[in-house]
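Enquirer: Quick one: the structure is below, questions incoming.
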Amino acid sequence: MADSLARLGSMFEQAKDLTIEAAMSASARLSETPQSLRPQEISTLLNSRSDRDIVAGMKCVVSLISRGEDGLPYFADVVKNVTTHNQHIRNLVLVYLTRYAEVEPDIALLSINSIQKSLNDTNPIHRSRSIRSLAGIRIASILPILVLSIKRTSSDPSPVVRTASAVAIGQIYVDDDPSASQLLELLARLLADSSTQVVAAAVRTFHHIHHDIDDDGWRYIHGNFRRICRLLPQFDEWTQVVAIELGTAYCRRFLPQPTLTLATGEVINLPQYYHTFSDYTVDFDHDLQLFLSALKPLAHTNSDAVLLAATRSLLNLAPPSTLVSYKYHLALTRAATAAQSSQFQFVALELIARICRLDYSVFSERFRYFFVFPNDSDSVASAKLAILTTLSANPNIIKYIVEELKHYALHYNNDVVADASIRALGSCCQVSEEWNNHILAWALRQVQRTSGSLLNQLLNVVRLALHHKMTVASEDPKVKSEIVSTLYKLSLLLQGDMEGEAKATMIWMIGDMTVYTKNQIGPDVLRQQIATFADQSEDVRYQLLMLAAKVFSFELDRLTDEIDDTEELQRQLDDNRIHNMFKHVLYLAKYDNSYDTRDRARMIDVLLNRGPQESKLASLFLQVPKPFPEADIGAKGDQHVDDYITTVPDWADPATLPDSSVREEIPVVENQITSFAGQGDKRKSPSPGPLTGISSADVRPPPAPLPPMDKGNGNHTGYKLQSLDEFFGSDDDESESEEGSSEDSGLSSSDEEEDDEEDDDDEEEEDDDDSHSSDESERGAVDALSSDDDDDSDASV
Amino acid sequence: MIEAVYISDTNASLVFEYQQRLSSPGYTSIKSMVLAHPESEPPIIAINHDYYVAFERFASITISVLCGSKSDPVNPMIPFVFIHRLFTAIKEYFGTPVSPTKIEANSDTLTSIMAEMIDQTGYPLTTDANQLRDLIPYESFLSKLLSTSSSIVAEHPAAKLAFNQSPPPPSQPNQVSAYPWRRSNVRYTHNEMYIDVIESIAAMYQVVPPLSSSSSSSSSMARLYPVSAHIDGSIAFVSHLTGEPRLEMSFNHVASRIQLPSFHPCIDIAKWDKQCVLNFVPPDGQSTLMEYQLEAPNHESGAIDINYQPSTATGEFELKLQIKPTPGLTKVDTITIDIICAEEMAIKPSRCTSGDFSYKGNGKGEWTLRDVKPTALPLLQAAVINTETDARGEPLYLRISYQHKGCVPSGLKIDSIRMVSHKGMPDSVKPYKGVKYITQTSDIVIRP
């Protein structure tokens with residue numbers, strides 16, 4: 001029985017899924033397609049008395065807009081619906097209004113009063129939406145009204161509304177407006193709010209406007225810095241991102257730079273690279289340590305943006321060892337090698353490559369994670385290869401990495417990966433003599449088997465390896481003979497069948513080593529190739545010309561050193577095999593069909609055939625030692641990521657740092673009624689006091705700055721000691737005082753309910769919560785009514 | 001920073017757009033650029049120095065975001081995370097699978113959602129789908145109808161007790177929950193939770209040829225030497241639970257080997273650090289609780305043992321598969337083995353005991369098997385032959401992918417999931433718990 005019921009249940013489930021699908025597509029098709037309605041019909045719908053028609057009309061308008069058409073023709077029809085009590089319609093009207101208000105400011109202004117009235121709504125979500133929408137209406141003339149409204153809502157009992165107020169401040173803040181300082185003071189209050197959510201919004205707003213305010217603006221952060229650090233893990237992901245950025249900037253500006261104490265006892269500032277410092281301890285300023293510790297739990301974040309922001313912060317504030325102790329290297333590895341690829345995978349790989357360049361030890365133990373899979377995309381593979389290349393600097397793991405790179409080069413059937421792998425091998429040559437020999441031997445073996453661009457890359461590796469040998473131990477006769485014999489082997493390859501480009505590279509390489517090999521190889525190669533000069537490709541002909549010039553230039557130098565007499569020299573030259581070969585090649589090159597070759601031939605003619613004076617110049621020109629080539633590794637980075645990571649303020653000059661006492665925490669702002677609208681009071685939260693009329697007279701005088709936060713402290717007893725009557729009495733007093741004067745004293749007195757024990761007011765529910773709240777909401781309703789009645793008279797105050 | 005959001009369908013025609021201000025460009029002005037953008041490039045299109053479009057393609061729609069930065073460089077991941085949150089919200093509101101018609105039909109709701117998701121300064125505001133549902137209620141007539149009917153269907157033995165509870169008080173809309181990731185006043189007549197543990201393994205093995213000098217039989221076989229092997233896993237959770245219950249999920253010993261997982265914000269990190277348990281108030285509906293990575297135990301390739309013997313005198317390689325007897329594993333649903341050789345080579349199979357082998361040309365072959373039972377011992381013998389010279393060779397590499405249910409390669413198991421507290425849920429309710437283990441592996445590489 002139970003079984004069959006269960007089966008029936010699952011059948012229904014399936015049927016339900018199917019039905020939803022069917023109904024979804026059906027309803028999509030059935031719903032009135034807006035194009036079919038003419039403008040008049042939409043207007044009729046919007047002007048209807050029935051909510052259903054208005055909803056249909058709004059849907060049409062919104063749908064038009066969301067298809068990229070113009071919704072402006074319906075402006076008046078839409079905006080008059082702002083008074084509706086249907087929340088769905090209201091939402092849409094508000095969204096519409098914020099978008100189009102700047103085009104039709106006059107009509108839009110008519111709606112302001114109605115939205116303002118809804119700031120008294122009993123539902124905090126409606127209040128918050130209203131204040132945000134008001135702030136979204138971009139009409140300069142309503143700014144004073146807005147400031148006043150925000151002032152009221154920023155001490156609203158509901159944290160939702162205070163959050164919206166903080167957001168609204170960010171929307172309307174204009175740097176050079178007279179309202180700016182007043183808004184900043186309001187924001188400062190919200191930064192110290194008791195609710196995490198409100199602090200979060202205030203931090204976001206501060207971050208948004210902090211470019212516009214001068215350095216002085218940072219004083220609002222000083223007193224809140226430690227609290228923000230503590231709250232950081234509780235913020236939502238978007239706030240975490242900006243709070244981390246803000247914190248990073250703050251630390252660089254106002255905190256002393258951490259110092260490293262090396263094993264030797266030496267104390268230094270953060271160096272640029274850490275490869276040479278394996279053993280050090282870091283000393284952080286107390287507050288810097290506080291901020292960094294707040295980043296530690298964020299290694300667990302599931303938000304890519306947060307992980308990136310936190311990594312950036314650690315890179316800019318602390319040595320790489322902190323990344324390891326906070327386990328960020330694990331988080332980054334996971335992101336970079338996760339099964340499903342995403343944009344963040346590239347970014348994480350790039351971050352890792354960047355960290356490896358600072359200090360390869362961070363990822364040394366995890367190098368196997370960066371091995372390339374055959375089906376990795378080209379960009380992932382190149383990023384991984386870049387990481388492996390930097391990690392190969394670690395002598396303990398290079399053997400694994402070199403083996404892998406060799407495998408990728410030959411067995412992955414992917415030219416991009418093979419090229420990049422061989423390039424990476426080239427830079428592995430520089431790690432040690434042993435690996436240089438190993439890779440050189442391998443490359444020489446492969447040179448004989450491969451072709452195409454792979455061969456070119458291999459020859460490049462050979463060149464790098466030889467060059468490395470030369471620079472490291474140029475005078476060691478053993479090394480010298482090794483190099484000569486290697487070149488000899490290469491020259492033997494030239495006799496076989498070979499592609500032009502590779503041949504040219506090889507000839508160039510031999511020519512380049514002329515001085516080092518004392519001309520042991522070059523003349524012979526030249527002799528062999530000269531016979532088929534005409535059949536060679538353009539590149540090869542050009543390189544042969546250069547080889548001839550280099551070989552002859554060396555020979556000329558040798559002869560001029562031996563023989564002082566010019567005539568004797570000339571005679572010797574006439575008999576000289578090398579000179580004859582050179583003249584022959586030069587002759588041929590002058591009639592080459594390539595401009596480049598002809599041009600170069602003439603130049604060399606001038607340099608080498610005009611006596612010893614120019615020949616000095618020629619040897620300078622042809623035999624100049626080349627600097628060690630920079631191995632080109634790494635995929636091209638994402639510019640956005642690069643900019644993001646490197647753009648931070650410089651560490652401040654220690655002399656200008658403020659004393660750490662500025663970061664003494666300022667008291668947390670409790671909103672008096674908040675205590676009642678605590679956790680137990682979710683269902684209904686009280687409405688704020690009535691919105692009294694607004695007139696320009698209220699706004700004109702420059703606002704008096706808020707009294708310091710802690711001033712009102714002593715004047716009030718804790719709310720717990722108040723009776724209900726007292727409470728409402730004081731509240732009424734406050735609203736009266738607000739009505740009565742434009743001074744801000746009411747505001748400060750109402751909200752300075754600061755009592756450290758009650759930090760977490762939300763936890764402390766009182767038994768009579770419910771009675772409070774119901775009373776409150778009734779009061780709110782009455783107030784709303786009364787303000788309705790007063791409307792007209794208010795306007796004329 | 002976010003100036004506009006565009007949703008387009010697979011033909012790149014506009015489905016929905018939302019602009020921050022009237023001056024923001026419409027979709028038509030970026031359409032051609034999105035269309036012309038090559039697949040292989042990162043999904044970012046620079047428009048000019050200050051503006052760029054970030055986009056992401058999903059199965060049926062593409063979401064593009066126009067971003068601008070006026071001063072400092074902004075976190076380049078923000079648009080992408082935002083796109084994902086938006087996509088989750090769309091799924092949550094309008095149901096899966098997401099289709100352009102659904103979005104078009106609900107453009108009004110989506111517009112309201114966008115207004116909550118982005119503030120006027122262009123920064124993301126409220127993006128959590130659960131939180132949004134508190135702010136923007138959405139219930140189509142149909143879903144109402146279905147929820148009523150499904151409560152009738154709910155006469156399932158597991159949820160029988162649910163009927164003893166008093167009918168829930170009508171929930172008040174537009175309230176904000178204490179937990180940002182949870183809707184307020186969640187009510188279900190049918191309390192249940194489902195957990196999926198999903199893992200995939202990425203491993204590379206190098207074939208070590210037998211030592212010719214040795215005569216013992218064991219070393220005359222080629223062995224697989226692990227080059228690298230790690231496992232990526234995630235725990236997906238579906239919660240249909242009344243009130244605000246707090247759950248605690250504990251695992252077997254494998255959990256201690258997990259390296260730094262990423263968590264949904266609901267997880268108590270301190271508890272994990274101490275005891276390797278997940279302690280959380282679950283988000284309503286679907287969520288991913290945790291994503292983790294660990295080294296594969298003994299560098300093994302999961303439930304399938306792979307034995308590869310390179311070509312010997314016969315010039316044929318041999319591939320043997322064996323399913324390891326693992327508790328919970330009854331069969332492997334699909335196994336696909338791609339054999340990749342150099343382009344001039346061809347693969348000539350001589351023996352294939354089960355499944356289908358097909359040669360795709362250009363040196364690529366594919367061996368597919370379905371519903372492989374642990375008792376089966378599939379075997380493939382094939383020669384790799386150069387089409388021109390007739391010389392024998394070896395494949396470049398073999399790529400093995402398989403799917404099965406019942407266990408995961410790391411051996412992770414959920415020991416228990418219990419309700420620590422059940423605020424708002426009657427004592428009598430015993431929610432139904434379902435756990436599934438899924439292995440989806442696509443990246444096991446054998447390199448001869």
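By order of appearance in the structure tokens: chains A, B, ..., then residues from 1 within every chain, and ligands from 1 in the order shown.
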Please identify all residues of chain A having at least one atom at most 6 Å from any atom of chain B, considering only C-alpha atoms, and return them as an MDAnalysis selection string.

Expert: chainID A and resid 6 9 28 59 62:63 66:67 99 171 300:302 305 368 411 644

Enquirer: Take the residues from that selection and put them in a file with N, CA and C atoms, as an mmCIF file, in the first residue's frame.

Expert:
```cif
data_model
loop_
_atom_site.group_PDB
_atom_site.id
_atom_site.type_symbol
_atom_site.label_atom_id
_atom_site.label_comp_id
_atom_site.auth_asym_id
_atom_site.auth_seq_id
_atom_site.Cartn_x
_atom_site.Cartn_y
_atom_site.Cartn_z
ATOM 1 N N ALA A 6 3.631 5.698 -2.724
ATOM 2 C CA ALA A 6 4.883 6.366 -3.056
ATOM 3 C C ALA A 6 5.028 6.493 -4.567
ATOM 4 N N GLY A 9 2.879 9.087 -5.774
ATOM 5 C CA GLY A 9 3.461 10.387 -5.468
ATOM 6 C C GLY A 9 4.490 10.790 -6.497
ATOM 7 N N ALA A 28 3.412 31.890 -21.782
ATOM 8 C CA ALA A 28 4.260 32.843 -22.488
ATOM 9 C C ALA A 28 3.633 33.237 -23.812
ATOM 10 N N LYS A 59 2.764 46.009 -17.493
ATOM 11 C CA LYS A 59 3.526 44.910 -18.090
ATOM 12 C C LYS A 59 3.914 45.255 -19.518
ATOM 13 N N VAL A 62 6.668 47.949 -19.504
ATOM 14 C CA VAL A 62 7.963 47.410 -19.074
ATOM 15 C C VAL A 62 8.521 46.474 -20.137
ATOM 16 N N SER A 63 7.618 45.691 -20.698
ATOM 17 C CA SER A 63 8.059 44.766 -21.727
ATOM 18 C C SER A 63 8.622 45.509 -22.933
ATOM 19 N N SER A 66 12.032 46.689 -21.994
ATOM 20 C CA SER A 66 13.033 45.624 -21.892
ATOM 21 C C SER A 66 13.355 45.043 -23.257
ATOM 22 N N ARG A 67 12.644 45.458 -24.280
ATOM 23 C CA ARG A 67 13.029 45.066 -25.629
ATOM 24 C C ARG A 67 13.773 46.173 -26.342
ATOM 25 N N ARG A 99 14.028 55.880 -14.187
ATOM 26 C CA ARG A 99 14.673 55.855 -15.488
ATOM 27 C C ARG A 99 14.350 57.088 -16.316
ATOM 28 N N GLN A 171 23.773 57.440 -3.903
ATOM 29 C CA GLN A 171 23.185 57.783 -5.193
ATOM 30 C C GLN A 171 23.126 59.289 -5.426
ATOM 31 N N HIS A 300 37.605 30.719 2.584
ATOM 32 C CA HIS A 300 36.538 29.745 2.349
ATOM 33 C C HIS A 300 35.423 30.300 1.475
ATOM 34 N N THR A 301 35.546 31.506 1.011
ATOM 35 C CA THR A 301 34.425 32.132 0.307
ATOM 36 C C THR A 301 34.043 31.356 -0.941
ATOM 37 N N ASN A 302 32.791 31.437 -1.305
ATOM 38 C CA ASN A 302 32.381 30.822 -2.571
ATOM 39 C C ASN A 302 32.199 31.881 -3.649
ATOM 40 N N ALA A 305 34.824 36.930 -6.695
ATOM 41 C CA ALA A 305 35.201 38.335 -6.560
ATOM 42 C C ALA A 305 35.864 38.577 -5.207
ATOM 43 N N ARG A 368 52.179 19.669 -9.067
ATOM 44 C CA ARG A 368 51.507 18.660 -9.893
ATOM 45 C C ARG A 368 50.126 19.103 -10.352
ATOM 46 N N HIS A 411 54.224 14.859 -27.413
ATOM 47 C CA HIS A 411 53.126 13.903 -27.458
ATOM 48 C C HIS A 411 51.738 14.513 -27.379
ATOM 49 N N TYR A 644 43.967 45.935 -11.664
ATOM 50 C CA TYR A 644 43.273 45.844 -10.384
ATOM 51 C C TYR A 644 44.257 45.533 -9.269
#
```

Enquirer: As a list in words, please: the residues near Val103 of chain A (cut-off 12 Å, only C-alpha atoms, same-chain neighbours under 4 positions excluded).

Expert: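 These residues fall inside the cut-off: Gly71, Leu72, Pro73, Phe75, Ala76, Tyr96, Leu97, Thr98, Arg99, Ile107, Ala108, Leu109, Ile137, Arg138 and Ile139 of chain A; Arg21, Leu22 and Ser23 of chain B.
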
Enquirer: Between B:Gly363, B:Pro378, B:Gly393, B:Gly406, which one has atoms that come closest to Pro325 of chain B, using only C-alpha atoms?

Expert: B:Gly406

Enquirer: Could you pull the residues within 9 Å of segment 261-276 of chain A, counting only C-alpha atoms, minus those fewer than 3 positions along the same chain, as a PDB file with N, CA, C and O atoms, in the first residue's frame?

Expert:
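What ended up in result_37.pdb:
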```pdb
ATOM      1  N   GLN A 257      54.175  50.212   7.476  1.00  0.00           N
ATOM      2  CA  GLN A 257      54.472  49.051   6.650  1.00  0.00           C
ATOM      3  C   GLN A 257      55.022  47.920   7.526  1.00  0.00           C
ATOM      4  O   GLN A 257      55.789  48.171   8.444  1.00  0.00           O
ATOM      5  N   PRO A 258      54.622  46.682   7.246  1.00  0.00           N
ATOM      6  CA  PRO A 258      55.193  45.588   8.040  1.00  0.00           C
ATOM      7  C   PRO A 258      56.678  45.426   7.740  1.00  0.00           C
ATOM      8  O   PRO A 258      57.166  45.801   6.682  1.00  0.00           O
ATOM      9  N   ASP A 279      63.794  32.388   5.167  1.00  0.00           N
ATOM     10  CA  ASP A 279      63.535  32.291   6.590  1.00  0.00           C
ATOM     11  C   ASP A 279      63.361  33.680   7.162  1.00  0.00           C
ATOM     12  O   ASP A 279      64.320  34.424   7.320  1.00  0.00           O
ATOM     13  N   TYR A 280      62.142  34.048   7.434  1.00  0.00           N
ATOM     14  CA  TYR A 280      61.935  35.378   8.007  1.00  0.00           C
ATOM     15  C   TYR A 280      60.684  35.382   8.875  1.00  0.00           C
ATOM     16  O   TYR A 280      59.807  34.535   8.759  1.00  0.00           O
ATOM     17  N   THR A 281      60.652  36.332   9.768  1.00  0.00           N
ATOM     18  CA  THR A 281      59.419  36.558  10.515  1.00  0.00           C
ATOM     19  C   THR A 281      58.920  37.948  10.177  1.00  0.00           C
ATOM     20  O   THR A 281      59.693  38.834   9.835  1.00  0.00           O
ATOM     21  N   VAL A 282      57.626  38.119  10.255  1.00  0.00           N
ATOM     22  CA  VAL A 282      57.025  39.391   9.867  1.00  0.00           C
ATOM     23  C   VAL A 282      56.478  40.075  11.105  1.00  0.00           C
ATOM     24  O   VAL A 282      55.907  39.414  11.982  1.00  0.00           O
ATOM     25  N   ASP A 283      56.659  41.365  11.160  1.00  0.00           N
ATOM     26  CA  ASP A 283      56.050  42.133  12.242  1.00  0.00           C
ATOM     27  C   ASP A 283      54.993  43.043  11.649  1.00  0.00           C
ATOM     28  O   ASP A 283      55.303  43.924  10.842  1.00  0.00           O
ATOM     29  N   LEU A 317      49.743  43.890   1.074  1.00  0.00           N
ATOM     30  CA  LEU A 317      49.945  44.287   2.470  1.00  0.00           C
ATOM     31  C   LEU A 317      50.901  43.376   3.222  1.00  0.00           C
ATOM     32  O   LEU A 317      51.352  43.735   4.300  1.00  0.00           O
ATOM     33  N   ALA A 318      51.138  42.186   2.699  1.00  0.00           N
ATOM     34  CA  ALA A 318      51.878  41.218   3.505  1.00  0.00           C
ATOM     35  C   ALA A 318      52.795  40.405   2.609  1.00  0.00           C
ATOM     36  O   ALA A 318      52.587  40.340   1.402  1.00  0.00           O
ATOM     37  N   PRO A 319      53.807  39.773   3.192  1.00  0.00           N
ATOM     38  CA  PRO A 319      54.663  38.911   2.380  1.00  0.00           C
ATOM     39  C   PRO A 319      53.919  37.632   1.986  1.00  0.00           C
ATOM     40  O   PRO A 319      52.917  37.275   2.622  1.00  0.00           O
ATOM     41  N   PRO A 320      54.394  36.937   0.949  1.00  0.00           N
ATOM     42  CA  PRO A 320      53.665  35.761   0.452  1.00  0.00           C
ATOM     43  C   PRO A 320      53.490  34.670   1.499  1.00  0.00           C
ATOM     44  O   PRO A 320      52.581  33.849   1.367  1.00  0.00           O
ATOM     45  N   ARG A 357      56.081  34.393  -9.255  1.00  0.00           N
ATOM     46  CA  ARG A 357      57.182  35.283  -9.627  1.00  0.00           C
ATOM     47  C   ARG A 357      57.731  35.992  -8.395  1.00  0.00           C
ATOM     48  O   ARG A 357      58.914  36.288  -8.306  1.00  0.00           O
ATOM     49  N   LEU A 358      56.835  36.261  -7.416  1.00  0.00           N
ATOM     50  CA  LEU A 358      57.296  36.881  -6.172  1.00  0.00           C
ATOM     51  C   LEU A 358      58.078  35.880  -5.345  1.00  0.00           C
ATOM     52  O   LEU A 358      59.104  36.195  -4.768  1.00  0.00           O
ATOM     53  N   ASP A 359      57.521  34.682  -5.238  1.00  0.00           N
ATOM     54  CA  ASP A 359      58.098  33.701  -4.327  1.00  0.00           C
ATOM     55  C   ASP A 359      57.608  32.324  -4.763  1.00  0.00           C
ATOM     56  O   ASP A 359      56.453  31.974  -4.537  1.00  0.00           O
ATOM     57  N   TYR A 360      58.503  31.575  -5.394  1.00  0.00           N
ATOM     58  CA  TYR A 360      58.023  30.307  -5.943  1.00  0.00           C
ATOM     59  C   TYR A 360      57.707  29.264  -4.878  1.00  0.00           C
ATOM     60  O   TYR A 360      57.041  28.287  -5.141  1.00  0.00           O
ATOM     61  N   SER A 361      58.188  29.511  -3.651  1.00  0.00           N
ATOM     62  CA  SER A 361      57.994  28.478  -2.627  1.00  0.00           C
ATOM     63  C   SER A 361      56.516  28.310  -2.257  1.00  0.00           C
ATOM     64  O   SER A 361      56.124  27.270  -1.747  1.00  0.00           O
TER      65      SER A 361
END
```

Enquirer: Take atom CA of Ala383 of chain A and atom CA of Lys399 of chain A and report the distance between them in Å, one decimal.

Expert: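 Between these atoms lies a distance of 19.8 Å.
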
Enquirer: Considering only C-alpha atoms, return as number ranges by chain whatever protein or nucleic-acid residues lie within 9 Å of Leu412 of chain B, sequence-local ones (same chain, fewer than 4 positions apart) excluded.

Expert: B: 197, 251-255, 407-408

Enquirer: Within 9 Å of Thr336 of chain B, counting only C-alpha atoms, which residues qualify if same-chain residues fewer than 6 places away don't, as a PDB file with N, CA, C and O atoms, in the first residue's frame?

Expert:
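Result file part_14.pdb:
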```
ATOM      1  N   GLU B 366      37.332   5.803 -30.653  1.00  0.00           N
ATOM      2  CA  GLU B 366      36.518   5.928 -29.459  1.00  0.00           C
ATOM      3  C   GLU B 366      35.928   4.575 -29.097  1.00  0.00           C
ATOM      4  O   GLU B 366      35.339   3.896 -29.941  1.00  0.00           O
ATOM      5  N   TRP B 367      36.103   4.199 -27.863  1.00  0.00           N
ATOM      6  CA  TRP B 367      35.546   2.941 -27.362  1.00  0.00           C
ATOM      7  C   TRP B 367      34.504   3.305 -26.308  1.00  0.00           C
ATOM      8  O   TRP B 367      34.820   3.959 -25.325  1.00  0.00           O
ATOM      9  N   THR B 368      33.260   2.935 -26.548  1.00  0.00           N
ATOM     10  CA  THR B 368      32.206   3.277 -25.587  1.00  0.00           C
ATOM     11  C   THR B 368      31.582   2.023 -25.006  1.00  0.00           C
ATOM     12  O   THR B 368      31.337   1.049 -25.722  1.00  0.00           O
ATOM     13  N   LEU B 369      31.303   2.090 -23.719  1.00  0.00           N
ATOM     14  CA  LEU B 369      30.659   0.969 -23.036  1.00  0.00           C
ATOM     15  C   LEU B 369      29.519   1.521 -22.191  1.00  0.00           C
ATOM     16  O   LEU B 369      29.614   2.632 -21.674  1.00  0.00           O
ATOM     17  N   ARG B 370      28.463   0.740 -22.078  1.00  0.00           N
ATOM     18  CA  ARG B 370      27.330   1.176 -21.253  1.00  0.00           C
ATOM     19  C   ARG B 370      27.005   0.126 -20.217  1.00  0.00           C
ATOM     20  O   ARG B 370      27.167  -1.069 -20.467  1.00  0.00           O
ATOM     21  N   ARG B 399      42.206   8.928 -23.290  1.00  0.00           N
ATOM     22  CA  ARG B 399      41.428   9.735 -22.340  1.00  0.00           C
ATOM     23  C   ARG B 399      40.194   8.959 -21.929  1.00  0.00           C
ATOM     24  O   ARG B 399      39.416   8.535 -22.779  1.00  0.00           O
ATOM     25  N   ILE B 400      40.035   8.767 -20.652  1.00  0.00           N
ATOM     26  CA  ILE B 400      38.946   7.927 -20.175  1.00  0.00           C
ATOM     27  C   ILE B 400      37.954   8.777 -19.391  1.00  0.00           C
ATOM     28  O   ILE B 400      38.349   9.587 -18.542  1.00  0.00           O
ATOM     29  N   SER B 401      36.681   8.618 -19.702  1.00  0.00           N
ATOM     30  CA  SER B 401      35.670   9.298 -18.899  1.00  0.00           C
ATOM     31  C   SER B 401      34.592   8.299 -18.542  1.00  0.00           C
ATOM     32  O   SER B 401      34.280   7.409 -19.338  1.00  0.00           O
ATOM     33  N   TYR B 402      34.056   8.431 -17.357  1.00  0.00           N
ATOM     34  CA  TYR B 402      32.983   7.534 -16.964  1.00  0.00           C
ATOM     35  C   TYR B 402      32.041   8.191 -15.971  1.00  0.00           C
ATOM     36  O   TYR B 402      32.400   9.189 -15.330  1.00  0.00           O
ATOM     37  N   SER B 442      35.874  12.939 -16.327  1.00  0.00           N
ATOM     38  CA  SER B 442      36.121  13.070 -17.756  1.00  0.00           C
ATOM     39  C   SER B 442      37.591  13.240 -18.060  1.00  0.00           C
ATOM     40  O   SER B 442      37.956  13.476 -19.182  1.00  0.00           O
TER      41      SER B 442
END
```

Enquirer: Which residues are close to Thr597 of chain A, i.e. within 9 Å by only C-alpha atoms, leaving aside same-chain residues fewer than 4 positions away? Reply as a ChimeraX atom specification.

Expert: /A:538-539,541-543,545,589-593,601-602

Enquirer: From a backbone DSSP assignment, name each residue in segment 226-440 of chain A labelled helix (DSSP H, G or I), as a ChimeraX atom specification.

Expert: /A:226-234,237-254,286-300,304-317,320-325,328-337,343-358,360-362,364-370,378-391,398-411,415-428,433-440

Enquirer: Considering only C-alpha atoms, return as a list in words whatever protein or nucleic-acid residues lie within 10 Å of Thr517 of chain A, sequence-local ones (same chain, fewer than 2 positions apart) excluded.

Expert: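 Answer for this query is Lys480, Ser481, Ile483, Val484, Ser485, Leu487, Ile510, Gly511, Asp512, Met513, Thr514, Val515, Asn519, Gln520, Ile521 and Gly522 of chain A.
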
Enquirer: Suppose you want the space between atom CA of Leu94 of chain A and atom CA of Ser29 of chain B; what is it in Å?

Expert: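 For atom CA of Leu94 of chain A relative to atom CA of Ser29 of chain B, the distance reads 26.7 Å.
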
Enquirer: Quick one: distance from atom CA of Lys31 of chain B to atom CA of Ser64 of chain B in Å, one decimal?

Expert: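 Between atom CA of Lys31 of chain B and atom CA of Ser64 of chain B the gap works out to 10.0 Å.
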